[in-house]
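What follows is coords11.txt (compact mmCIF, C-alpha atoms and all ligand atoms).
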```
# COMPACT_ATOMS: atom_id res chain seq x y z
CA MET A 1 82.14 164.25 175.72
CA HIS A 2 79.40 164.52 173.18
CA LYS A 3 79.07 168.21 173.65
CA GLY A 4 82.36 168.83 171.92
CA LYS A 5 81.71 167.09 168.66
CA HIS A 6 80.56 170.22 166.87
CA ALA A 7 83.22 172.37 168.35
CA ARG A 8 85.56 174.44 166.30
CA PRO A 9 88.27 176.89 167.20
CA VAL A 10 87.12 180.20 168.55
CA ARG A 11 88.66 183.61 168.79
CA ARG A 12 86.75 185.74 171.21
CA PHE A 13 86.55 183.33 174.08
CA GLY A 14 89.16 180.73 173.39
CA VAL A 15 89.44 179.42 176.91
CA MET A 16 85.85 178.33 177.24
CA GLY A 17 85.68 177.17 173.67
CA ALA A 18 88.72 175.04 174.17
CA LEU A 19 87.35 173.74 177.42
CA LEU A 20 84.16 172.62 175.76
CA MET A 21 86.06 170.79 173.08
CA LEU A 22 88.29 168.92 175.42
CA THR A 23 87.73 165.32 176.24
CA ALA A 24 88.07 164.19 179.81
CA ALA A 25 91.47 162.80 178.93
CA THR A 26 92.85 166.00 177.49
CA VAL A 27 91.52 168.05 180.34
CA LEU A 28 94.12 166.27 182.42
CA SER A 29 96.79 168.56 181.09
CA PHE A 30 94.83 171.72 181.75
CA THR A 31 95.77 173.95 184.61
CA THR A 32 94.49 177.28 185.79
CA ALA A 33 97.91 178.83 185.47
CA GLY A 34 97.29 180.27 182.05
CA THR A 35 93.73 181.35 182.61
CA ALA A 36 93.77 182.96 186.01
CA THR A 37 94.15 186.39 184.50
CA ALA A 38 91.53 185.91 181.78
CA ALA A 39 88.88 187.75 183.78
CA PRO A 40 88.83 189.73 186.98
CA LYS A 41 88.40 187.71 190.12
CA GLY A 42 85.04 188.05 191.76
CA ALA A 43 83.31 188.80 188.50
CA THR A 44 79.68 187.87 188.35
CA GLY A 45 78.28 185.85 185.52
CA LYS A 46 79.57 186.58 182.06
CA CYS A 47 78.45 185.42 178.66
CA PHE A 48 80.45 183.16 176.41
CA THR A 49 79.57 181.75 173.01
CA ASP A 50 81.18 179.60 170.35
CA ASP A 51 81.46 182.68 168.14
CA SER A 52 79.63 180.96 165.27
CA GLY A 53 76.18 182.42 165.66
CA ALA A 54 74.99 181.54 169.14
CA VAL A 55 73.89 184.57 171.12
CA CYS A 56 74.07 185.27 174.84
CA THR A 57 72.35 188.42 176.04
CA LYS A 58 72.79 189.49 179.63
CA THR A 59 70.11 191.61 181.27
CA GLY A 60 70.87 192.17 184.90
CA GLN A 61 71.57 188.68 186.19
CA SER A 62 69.42 187.02 183.54
CA PHE A 63 70.94 185.48 180.44
CA GLU A 64 69.08 184.67 177.23
CA LEU A 65 70.87 181.95 175.30
CA VAL A 66 69.91 181.49 171.65
CA VAL A 67 71.49 178.40 170.16
CA GLU A 68 71.14 176.60 166.85
CA ALA A 69 72.33 173.11 166.03
CA GLY A 70 76.03 172.70 166.58
CA GLU A 71 76.40 175.89 168.57
CA TRP A 72 76.76 176.70 172.24
CA ALA A 73 76.45 179.65 174.55
CA GLY A 74 76.61 179.99 178.26
CA VAL A 75 77.55 181.74 181.44
CA TYR A 76 80.69 181.49 183.46
CA THR A 77 82.00 183.09 186.58
CA GLU A 78 85.29 182.97 188.35
CA SER A 79 83.66 183.27 191.72
CA ASN A 80 83.32 179.49 191.63
CA GLN A 81 86.86 179.44 192.93
CA LYS A 82 85.30 179.60 196.36
CA LEU A 83 84.14 176.06 195.65
CA ALA A 84 87.60 174.67 195.08
CA GLY A 85 88.37 171.84 197.44
CA LEU A 86 84.80 171.26 198.56
CA ALA A 87 83.46 167.72 198.51
CA ALA A 88 81.68 167.24 195.19
CA ASP A 89 78.85 165.39 196.88
CA GLU A 90 78.20 168.16 199.41
CA LEU A 91 77.66 171.27 197.34
CA GLY A 92 74.47 172.58 198.88
CA ASP A 93 72.13 174.56 196.67
CA LEU A 94 74.20 175.19 193.55
CA GLY A 95 72.00 175.51 190.50
CA PHE A 96 70.14 178.00 188.35
CA ASP A 97 66.69 179.16 187.35
CA TRP A 98 65.56 178.51 183.81
CA SER A 99 62.71 178.87 181.32
CA GLY A 100 62.46 177.95 177.67
CA ALA A 101 64.14 175.22 175.66
CA SER A 102 65.68 172.23 177.39
CA SER A 103 66.81 168.99 175.80
CA GLY A 104 69.71 166.60 175.69
CA GLY A 105 71.24 167.79 178.93
CA SER A 106 71.03 171.44 177.92
CA PRO A 107 71.23 173.81 179.67
CA ARG A 108 73.48 172.42 182.39
CA LEU A 109 76.08 173.34 184.92
CA SER A 110 79.49 171.78 184.45
CA ILE A 111 81.47 171.65 187.65
CA PRO A 112 85.15 170.67 187.44
CA LEU A 113 86.25 167.76 189.61
CA ASP A 114 89.58 166.85 191.13
CA THR A 115 90.49 163.30 192.07
CA ASP A 116 94.28 163.43 192.39
CA SER A 117 94.65 166.01 195.15
CA ASP A 118 95.99 168.57 192.68
CA LEU A 119 93.21 171.13 192.45
CA LYS A 120 94.88 172.82 189.50
CA THR A 121 94.18 169.84 187.25
CA VAL A 122 90.70 168.72 186.25
CA GLU A 123 90.02 164.97 186.18
CA GLY A 124 86.29 165.00 185.55
CA TRP A 125 83.03 166.91 185.56
CA LEU A 126 79.78 166.93 187.47
CA TYR A 127 76.84 167.81 185.24
CA VAL A 128 73.65 169.37 186.57
CA ASP A 129 70.93 169.82 183.97
CA THR A 130 67.18 170.33 184.10
CA ALA A 131 66.70 166.69 185.13
CA CYS A 132 67.63 168.11 188.51
CA ASP A 133 64.46 170.20 188.38
CA ASP A 134 62.35 167.18 189.20
CA ASP A 135 59.50 169.27 190.58
CA GLY A 136 59.37 171.37 187.43
CA ASP A 137 59.25 174.73 189.17
CA GLY A 138 61.95 176.25 186.97
CA THR A 139 64.64 176.08 189.63
CA VAL A 140 67.52 173.65 189.38
CA SER A 141 69.04 173.14 192.81
CA LEU A 142 71.29 170.37 194.00
CA ASP A 143 69.51 170.27 197.32
CA ASP A 144 66.13 169.56 195.71
CA THR A 145 64.89 166.13 196.68
CA GLY A 146 65.00 163.99 193.56
CA CYS A 147 67.55 166.15 191.74
CA ILE A 148 69.17 163.93 189.09
CA VAL A 149 72.80 164.57 188.17
CA SER A 150 75.55 162.81 186.25
CA ASP A 151 79.30 162.90 186.14
CA SER A 152 81.99 162.07 183.60
CA PHE A 153 82.95 158.99 185.61
CA GLY A 154 79.63 157.33 184.82
CA TYR A 155 77.37 158.29 187.67
CA HIS A 156 73.75 159.02 186.84
CA GLY A 157 71.28 159.30 189.67
CA THR A 158 70.09 161.51 192.44
CA TYR A 159 72.46 164.02 193.92
CA ALA A 160 71.24 162.93 197.33
CA ALA A 161 72.70 159.48 196.65
CA TYR A 162 75.85 160.77 194.98
CA ALA A 163 78.93 159.53 196.76
CA THR A 164 82.36 160.40 195.43
CA GLU A 165 85.85 161.07 196.67
CA ALA A 166 86.13 163.90 194.14
CA VAL A 167 86.36 167.50 195.23
CA VAL A 168 85.77 170.60 193.15
CA ALA A 169 88.84 171.55 191.16
CA ASP A 170 90.18 175.08 191.09
CA TYR A 171 88.88 175.87 187.65
CA TYR A 172 85.90 177.38 185.88
CA ALA A 173 82.46 176.09 186.64
CA PHE A 174 80.04 177.19 183.97
CA LEU A 175 76.56 176.88 182.57
CA VAL A 176 76.19 175.96 178.92
CA ALA A 177 73.32 175.52 176.45
CA ASP A 178 74.33 173.41 173.46
CA GLN A 179 71.04 172.14 172.07
CA PRO A 180 68.87 174.13 169.64
CA GLY A 181 66.45 176.61 171.12
CA THR A 182 66.19 179.66 173.29
CA VAL A 183 66.51 179.35 177.02
CA THR A 184 66.74 182.02 179.68
CA VAL A 185 68.73 181.32 182.82
CA SER A 186 69.14 183.43 185.91
CA ASN A 187 70.36 183.21 189.46
CA VAL A 188 73.23 181.04 188.28
CA ARG A 189 74.75 179.75 191.49
CA ILE A 190 78.27 178.52 190.87
CA CA A 201 93.44 167.29 189.84
CA CA A 202 63.05 172.61 191.11
```

Take the structure in the file and give it back as structure tokens.
Ligand SMILES: [Ca+2]
Ligand SMILES: [Ca+2]
Amino acid sequence: MHKGKHARPVRRFGVMGALLMLTAATVLSFTTAGTATAAPKGATGKCFTDDSGAVCTKTGQSFELVVEAGEWAGVYTESNQKLAGLAADELGDLGFDWSGASSGGSPRLSIPLDTDSDLKTVEGWLYVDTACDDDGDGTVSLDDTGCIVSDSFGYHGTYAAYATEAVVADYYAFLVADQPGTVTVSNVRI
């Protein structure tokens, strides 16, 4: 995954940092067993950063992400666990509202996918970036007509036409900004 090439070890939020660095292959060995206690269940969105200068500022349910080259910051929640097991091509209106900088697939949702019937292991990712906001109204929503998505298995096209056997894995779904600029996201629905 290109997004990991600038990654380096982190201290404050090692789980997400490690996750961002992992290739699809190495994610295979990841399970939720060691991370389930990292944050309280049911928590609403929380900031994470690469701890190298990127800034995430939470105001209410709005998050300002300030990222320079090679950095990342984002929002995660554990409430996505309600998604585990759902068909990846039938996820309704997941998405987020955004304003500010967008480029190179940033900001985007990364939704963990399972393809081997073991929800505790992640085999791939569904990516939902601002290409999904085809009508340009500042709302990314999977149920928008014309919403463009991609996945780590090579799909790139409309979500409406997305057909996969994958289901959502029992793992973090998160929003990340990893291209330079300042973007504000809110109403993160994962
Ligand atoms: Ca799996
Ligand atoms: Ca839209």

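Residues in contact with His156 (chain A) at up to 12 Å, not including ones fewer than 5 positions away on its chain and judged by only C-alpha atoms, are A:Leu126, A:Tyr127, A:Val128, A:Asp129, A:Ala131, A:Cys132, A:Cys147, A:Ile148, A:Val149, A:Ser150, A:Asp151, A:Ala161, A:Tyr162, A:Ala163.
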
**Asked** So which residues are near ligand CA 201 (chain A), meaning at most 6 Å away with only C-alpha atoms and all ligand atoms counted, given back as a list in words?
**Response** Asp114, Thr115, Asp116, Ser117, Asp118, Leu119, Lys120, Thr121, Val122 and Glu123 of chain A

Got a sec: who's within 6 Å of Phe48 (chain A), counting only C-alpha atoms, leaving out chain neighbours fewer than 3 positions off, as a PDB file with C-alpha atoms, in the coordinates of the input?
```
ATOM      1  CA  ALA A  73      76.450 179.650 174.550  1.00  0.00           C
ATOM      2  CA  GLY A  74      76.610 179.990 178.260  1.00  0.00           C
ATOM      3  CA  VAL A  75      77.550 181.740 181.440  1.00  0.00           C
TER       4      VAL A  75
END
```

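Selection of all polymer residues within 12 Å of ligand CA 202 (chain A) on the basis of all atoms listed in the file gives Asp93, Leu94, Gly95, Phe96, Asp97, Trp98, Ser99, Val128, Asp129, Thr130, Ala131, Cys132, Asp133, Asp134, Asp135, Gly136, Asp137, Gly138, Thr139, Val140, Ser141, Leu142, Asp143, Asp144, Thr145, Gly146, Cys147 and Ile148 of chain A.
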
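Each of A:Gly45, A:Ala166, A:Cys56, A:Ser103 was checked against Asn187 (chain A) using all atoms listed in the file; the smallest atom-to-atom distance is that of A:Gly45.
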
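A straight line drawn from CA of Ser186 (chain A) to CA of Gln61 (chain A) is 5.8 Å long.
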
**Request:** Take CA of Val55 (chain A) and CA of Val168 (chain A) and report the distance between them in Å, one decimal.
**Result:** 28.7 Å

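Taking CA of Glu68 (chain A) as the reference point, CA of Asp50 (chain A) is found at 11.0 Å.
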
**Residues within 12 Å of Cys47 (chain A), all atoms listed in the file, excluding chain neighbours under 2 positions, as a ChimeraX atom specification** = /A:12-13,16,39,43-45,49-51,54-66,72-77,174-177,185-186,188

Report as lines of an AutoDock Vina configuration file the centre and the edge lengths, in Å to one decimal, of the axis-aligned box holding every listed atom of region 80-97 of chain A, padded by 8 Å on each side.
```
center_x = 77.5
center_y = 172.5
center_z = 193.4
size_x = 37.7
size_y = 30.2
size_z = 28.1
```

**Message:** Ranking A:Gly181, A:Gly92, A:Gly124, A:Gly154 by minimum distance to Glu71 (chain A) and counting all atoms listed in the file, which one comes first?
**Reply:** A:Gly181

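Of the residues listed (A:Val167, A:Val67, A:Ala160, A:Leu86), A:Val67 shows the shortest atom-to-atom separation from Ser102 (chain A); distances use all atoms listed in the file.
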